[in-house]
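Q: My questions all concern the structure below.
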Amino acid sequence: MSENGEHSQTATLSEPTQSISDGVTDLTCVERCSELINQYRLGQNGKASTVLSIREILVDSPAVRSGRDINDALDVFIGMLDGIDSSKRTASEQAQQSEGRMPEEEAERENRGLRPSEERPVDVSKFPWMQRWTEALATLPSDIRETYEQLKNFAADPKSVVTNILSTPGCPPFPPSEWLNIVRWKYVDLGKVLDSAHTTELDPKKTHVIDDEIELALQVSKSSGGIKTSSDHNIAFSMYTEAIAFVFPQRRNEYIQYHTYLSWLFHAMEVRLHSRVIEFDRSVRNQVAMQRNLRLTNHSEFEHLRTTFLTSFGVGSNSTSSTSGSGGRTNRREGNSGRDDPCHKWNRGTCSKSDSECRFAHCCDRRGCRGAHRKSECPNKGTAK
């Protein structure tokens, strides 16, 4: 092929693997490349011939023919081959160490209840889902694939990652326990994030152990009881976005766009229904934490959650609660255990949970009332027995 022809194949490609999944022909190319990788894993082909064969397949793919860069996609598959080499090398080193171990050491290991198999690394190449994993990884957008690589690095010692973050000048203010959830890509509790924004008094019970030697004591005020209003959510989510962008800068725009989307939902719904938006956000972020191939802005993936929490006929925790004009009584969803019983703590002013979070109803606990007020404010004080 001429120089000009070769140059046309290496044109820029910002989303190389995303384009591979655009059509059936491109998906077939990915499957053929994955099969070559599997053959290399089984020792049927050499590495050089495998790389050349993969390149020939990618050159003929519609994505590359249309002017996309072949190198980014090729790097993904070469990385898979390198991973196979690394696994085999580690297994070989462990086997050599086991063979060179003295009988006395083996006896000591048996005395401690350890078996040789417990020292061997897991051979991930034998997992039945590895074929699917390699194909899925090759088709992920670049920002999500980069997140996977970062999380794999963080997983070696997430607590030391948090320690490094906290020791970095200019790191965003964020509770250490939730930093740990970020580097593990787990659900982040915005209620704890909001509480951390109101630190006033030192409470020795509010400590966070980062590793065996470091314990952080935070100056915290009394818990605010979680996210109750759109303002609470806006403050906490803004802090969350800054923390995410500090660790995963490639995801910053995604979180800003999602925050804007939630702001419009708050604006579109009555204030008394804002708790539904808060519950919807919790469910979306929980699903993204469990399915790492999703973005918060993949709105079509969360239509069932919109129905659950944002419609009058959904089964979400707040979806069927409504306020009537007679005494402010609230009709609760049937079958929600404990919700028909009044919250005595709320009546005393000591319940720290919102109405949607509490397992008991925030209503008057005077017999025969159940109005949307505390017992001390009940207009039926003189009539109830």
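Identifiers in this document derive from the order of the structure tokens: chains are assigned A, B, ..., residues are numbered from 1 separately in each chain, and ligands are numbered from 1 in order of occurrence.
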Would you kindly return, as a list in words, each protein, DNA or RNA residue with an atom no farther than 7 Å from any atom of segment 228-234 of chain A, considering only C-alpha atoms and excluding same-chain residues fewer than 6 positions away?
A: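 Returned residues: Phe266, His274, Ser275 and Ser354 of chain A.
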Q: Under the rule that only C-alpha atoms are counted, which of A:Gly83, A:Pro342, A:Gly226, A:Pro128 is the nearest residue to Gly371 of chain A?
A: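 Between A:Gly83, A:Pro342, A:Gly226, A:Pro128, the residue approaching Gly371 of chain A most closely is A:Pro342.
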Q: Just how far from atom CA of Phe313 of chain A is atom CA of Gly368 of chain A, in Å to one decimal?
A: 28.8 Å
Q: With a distance cut-off of 8 Å and only C-alpha atoms, select the neighbouring residues of segment 145-150 of chain A, excluding the residue or stretch itself and same-chain residues fewer than 4 positions from it, and output the selection as a list in words.
A: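 Here the answer would be Leu137, Leu140, Pro141, Phe154, Phe248 and Arg292 of chain A.
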Q: Those same residues - N, CA, C and O atoms - I'd like them written as an mmCIF file, in the first residue's frame.
A:
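After the write, again.cif holds the following:
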data_model
loop_
_atom_site.group_PDB
_atom_site.id
_atom_site.type_symbol
_atom_site.label_atom_id
_atom_site.label_comp_id
_atom_site.auth_asym_id
_atom_site.auth_seq_id
_atom_site.Cartn_x
_atom_site.Cartn_y
_atom_site.Cartn_z
ATOM 1 N N LEU A 137 -14.413 -5.536 26.446
ATOM 2 C CA LEU A 137 -13.380 -4.542 26.695
ATOM 3 C C LEU A 137 -12.981 -3.840 25.402
ATOM 4 O O LEU A 137 -12.744 -2.629 25.385
ATOM 5 N N LEU A 140 -15.582 -1.053 24.412
ATOM 6 C CA LEU A 140 -15.909 0.031 25.340
ATOM 7 C C LEU A 140 -15.393 1.372 24.827
ATOM 8 O O LEU A 140 -14.332 1.443 24.203
ATOM 9 N N PRO A 141 -16.120 2.463 25.109
ATOM 10 C CA PRO A 141 -15.599 3.797 24.803
ATOM 11 C C PRO A 141 -14.305 4.047 25.575
ATOM 12 O O PRO A 141 -14.075 3.444 26.625
ATOM 13 N N PHE A 154 -5.909 0.592 41.139
ATOM 14 C CA PHE A 154 -6.287 0.938 42.508
ATOM 15 C C PHE A 154 -6.571 -0.301 43.356
ATOM 16 O O PHE A 154 -6.378 -0.289 44.572
ATOM 17 N N PHE A 248 -10.872 10.506 38.474
ATOM 18 C CA PHE A 248 -11.178 10.077 37.102
ATOM 19 C C PHE A 248 -11.495 11.316 36.246
ATOM 20 O O PHE A 248 -12.667 11.578 35.937
ATOM 21 N N ARG A 292 -20.094 -1.356 35.520
ATOM 22 C CA ARG A 292 -19.063 -0.355 35.246
ATOM 23 C C ARG A 292 -18.977 0.064 33.785
ATOM 24 O O ARG A 292 -18.246 0.988 33.449
#
Q: To one decimal place, how far is atom CA of Glu242 of chain A from atom CA of Arg184 of chain A in Å?
A: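 Answer for the atom CA of Glu242 of chain A to atom CA of Arg184 of chain A separation: 16.6 Å.
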Q: Neighbours of Ala243 of chain A within 9 Å (only C-alpha atoms; same-chain residues fewer than 5 positions away dropped), as a PyMOL selection string?
A: chain A and resi 171-174+179+182+238+248
Q: For the residues in the current selection, export N, CA and C atoms as a PDB file, in the first residue's frame.
A:
ATOM      1  N   CYS A 171      -6.382  18.645  47.225  1.00  0.00           N
ATOM      2  CA  CYS A 171      -7.407  17.636  46.940  1.00  0.00           C
ATOM      3  C   CYS A 171      -8.750  18.145  47.458  1.00  0.00           C
ATOM      4  N   PRO A 172      -9.841  17.850  46.768  1.00  0.00           N
ATOM      5  CA  PRO A 172     -11.159  18.362  47.180  1.00  0.00           C
ATOM      6  C   PRO A 172     -11.545  17.865  48.561  1.00  0.00           C
ATOM      7  N   PRO A 173     -12.280  18.669  49.328  1.00  0.00           N
ATOM      8  CA  PRO A 173     -12.759  18.208  50.639  1.00  0.00           C
ATOM      9  C   PRO A 173     -13.797  17.112  50.453  1.00  0.00           C
ATOM     10  N   PHE A 174     -13.547  15.975  51.096  1.00  0.00           N
ATOM     11  CA  PHE A 174     -14.416  14.816  50.912  1.00  0.00           C
ATOM     12  C   PHE A 174     -14.136  13.839  52.046  1.00  0.00           C
ATOM     13  N   TRP A 179     -14.065   8.630  49.867  1.00  0.00           N
ATOM     14  CA  TRP A 179     -12.920   8.528  48.947  1.00  0.00           C
ATOM     15  C   TRP A 179     -12.659   7.057  48.640  1.00  0.00           C
ATOM     16  N   ILE A 182     -15.012   5.756  46.171  1.00  0.00           N
ATOM     17  CA  ILE A 182     -14.732   6.239  44.817  1.00  0.00           C
ATOM     18  C   ILE A 182     -13.645   5.393  44.161  1.00  0.00           C
ATOM     19  N   SER A 238     -22.257  18.435  43.973  1.00  0.00           N
ATOM     20  CA  SER A 238     -21.164  19.278  43.463  1.00  0.00           C
ATOM     21  C   SER A 238     -19.838  18.841  44.069  1.00  0.00           C
ATOM     22  N   PHE A 248     -10.872  10.506  38.474  1.00  0.00           N
ATOM     23  CA  PHE A 248     -11.178  10.077  37.102  1.00  0.00           C
ATOM     24  C   PHE A 248     -11.495  11.316  36.246  1.00  0.00           C
TER      25      PHE A 248
END
Q: Neighbours of Lys186 of chain A within 9 Å (only C-alpha atoms; same-chain residues fewer than 6 positions away dropped), as a PyMOL selection string?
A: chain A and resi 178+180+285-286+288-290
Q: Take the selection from the previous step and output its residues with N, CA and C atoms, as a PDB file, in the first residue's frame.
A:
ATOM      1  N   GLU A 178     -15.771   7.923  51.926  1.00  0.00           N
ATOM      2  CA  GLU A 178     -16.348   8.027  50.579  1.00  0.00           C
ATOM      3  C   GLU A 178     -15.262   8.128  49.513  1.00  0.00           C
ATOM      4  N   LEU A 180     -12.733   6.232  49.686  1.00  0.00           N
ATOM      5  CA  LEU A 180     -12.486   4.801  49.501  1.00  0.00           C
ATOM      6  C   LEU A 180     -13.522   4.184  48.566  1.00  0.00           C
ATOM      7  N   ARG A 285     -27.143   5.817  40.437  1.00  0.00           N
ATOM      8  CA  ARG A 285     -25.733   5.727  40.806  1.00  0.00           C
ATOM      9  C   ARG A 285     -25.380   4.341  41.334  1.00  0.00           C
ATOM     10  N   ASN A 286     -26.332   3.688  41.985  1.00  0.00           N
ATOM     11  CA  ASN A 286     -26.093   2.330  42.460  1.00  0.00           C
ATOM     12  C   ASN A 286     -25.948   1.363  41.284  1.00  0.00           C
ATOM     13  N   VAL A 288     -24.918   2.148  38.208  1.00  0.00           N
ATOM     14  CA  VAL A 288     -23.650   2.433  37.539  1.00  0.00           C
ATOM     15  C   VAL A 288     -22.482   1.861  38.339  1.00  0.00           C
ATOM     16  N   ALA A 289     -22.600   1.853  39.667  1.00  0.00           N
ATOM     17  CA  ALA A 289     -21.550   1.257  40.501  1.00  0.00           C
ATOM     18  C   ALA A 289     -21.465  -0.250  40.280  1.00  0.00           C
ATOM     19  N   MET A 290     -22.613  -0.894  40.016  1.00  0.00           N
ATOM     20  CA  MET A 290     -22.623  -2.343  39.805  1.00  0.00           C
ATOM     21  C   MET A 290     -22.266  -2.716  38.375  1.00  0.00           C
TER      22      MET A 290
END
Q: Leaving out Phe280 of chain A and any residue of its chain fewer than 6 positions from it, which residues lie within 12 Å of it when counting only C-alpha atoms, given as a list in words?
A: Tyr261, Leu262, Leu265, Phe266, Leu273, His274, Asn286, Gln287, Leu296, His299, Phe302, Glu303, His304, Leu305, Arg306, Thr307, Thr308, Phe309, Leu310, Thr311, Gly314, Val315, Gly316, Ser317, Asn318 and Ser319 of chain A
Q: Of the residues A:Gly46, A:Pro379, A:Gly170, A:Gly191, which is the one nearest to Phe246 of chain A, using only C-alpha atoms?
A: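 Distance minimum relative to Phe246 of chain A lands on A:Gly170.
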Q: Residues within 6 Å of Ala236 of chain A, please, as a short mmCIF file (atom, residue, chain, number, x, y, z; two decimals) with N, CA, C and O atoms, in the first residue's frame. Count only C-alpha atoms; anything in the same chain fewer than 6 positions from it doesn't count.
A:
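Result file is around05.cif:
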data_model
loop_
_atom_site.label_atom_id
_atom_site.label_comp_id
_atom_site.auth_asym_id
_atom_site.auth_seq_id
_atom_site.Cartn_x
_atom_site.Cartn_y
_atom_site.Cartn_z
N LEU A 190 -24.24 10.39 49.62
CA LEU A 190 -24.20 11.85 49.59
C LEU A 190 -24.58 12.45 50.94
O LEU A 190 -24.22 13.59 51.23
N VAL A 193 -21.42 12.88 52.65
CA VAL A 193 -20.69 13.98 51.99
C VAL A 193 -21.21 15.32 52.51
O VAL A 193 -20.43 16.23 52.81
N LEU A 194 -22.54 15.44 52.61
CA LEU A 194 -23.13 16.69 53.11
C LEU A 194 -22.73 16.93 54.56
O LEU A 194 -22.41 18.07 54.94
#
Q: Provide the atom CA of Asn38 of chain A to atom CA of Gln131 of chain A distance in Å, to one decimal place.
A: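 One can read the atom CA of Asn38 of chain A to atom CA of Gln131 of chain A distance as 7.7 Å.
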Q: Can you work out which one of A:Pro158, A:Glu357, A:Gly349, A:Arg276 has the shortest atom-to-atom distance to Glu377 of chain A, counting only C-alpha atoms?
A: A:Gly349
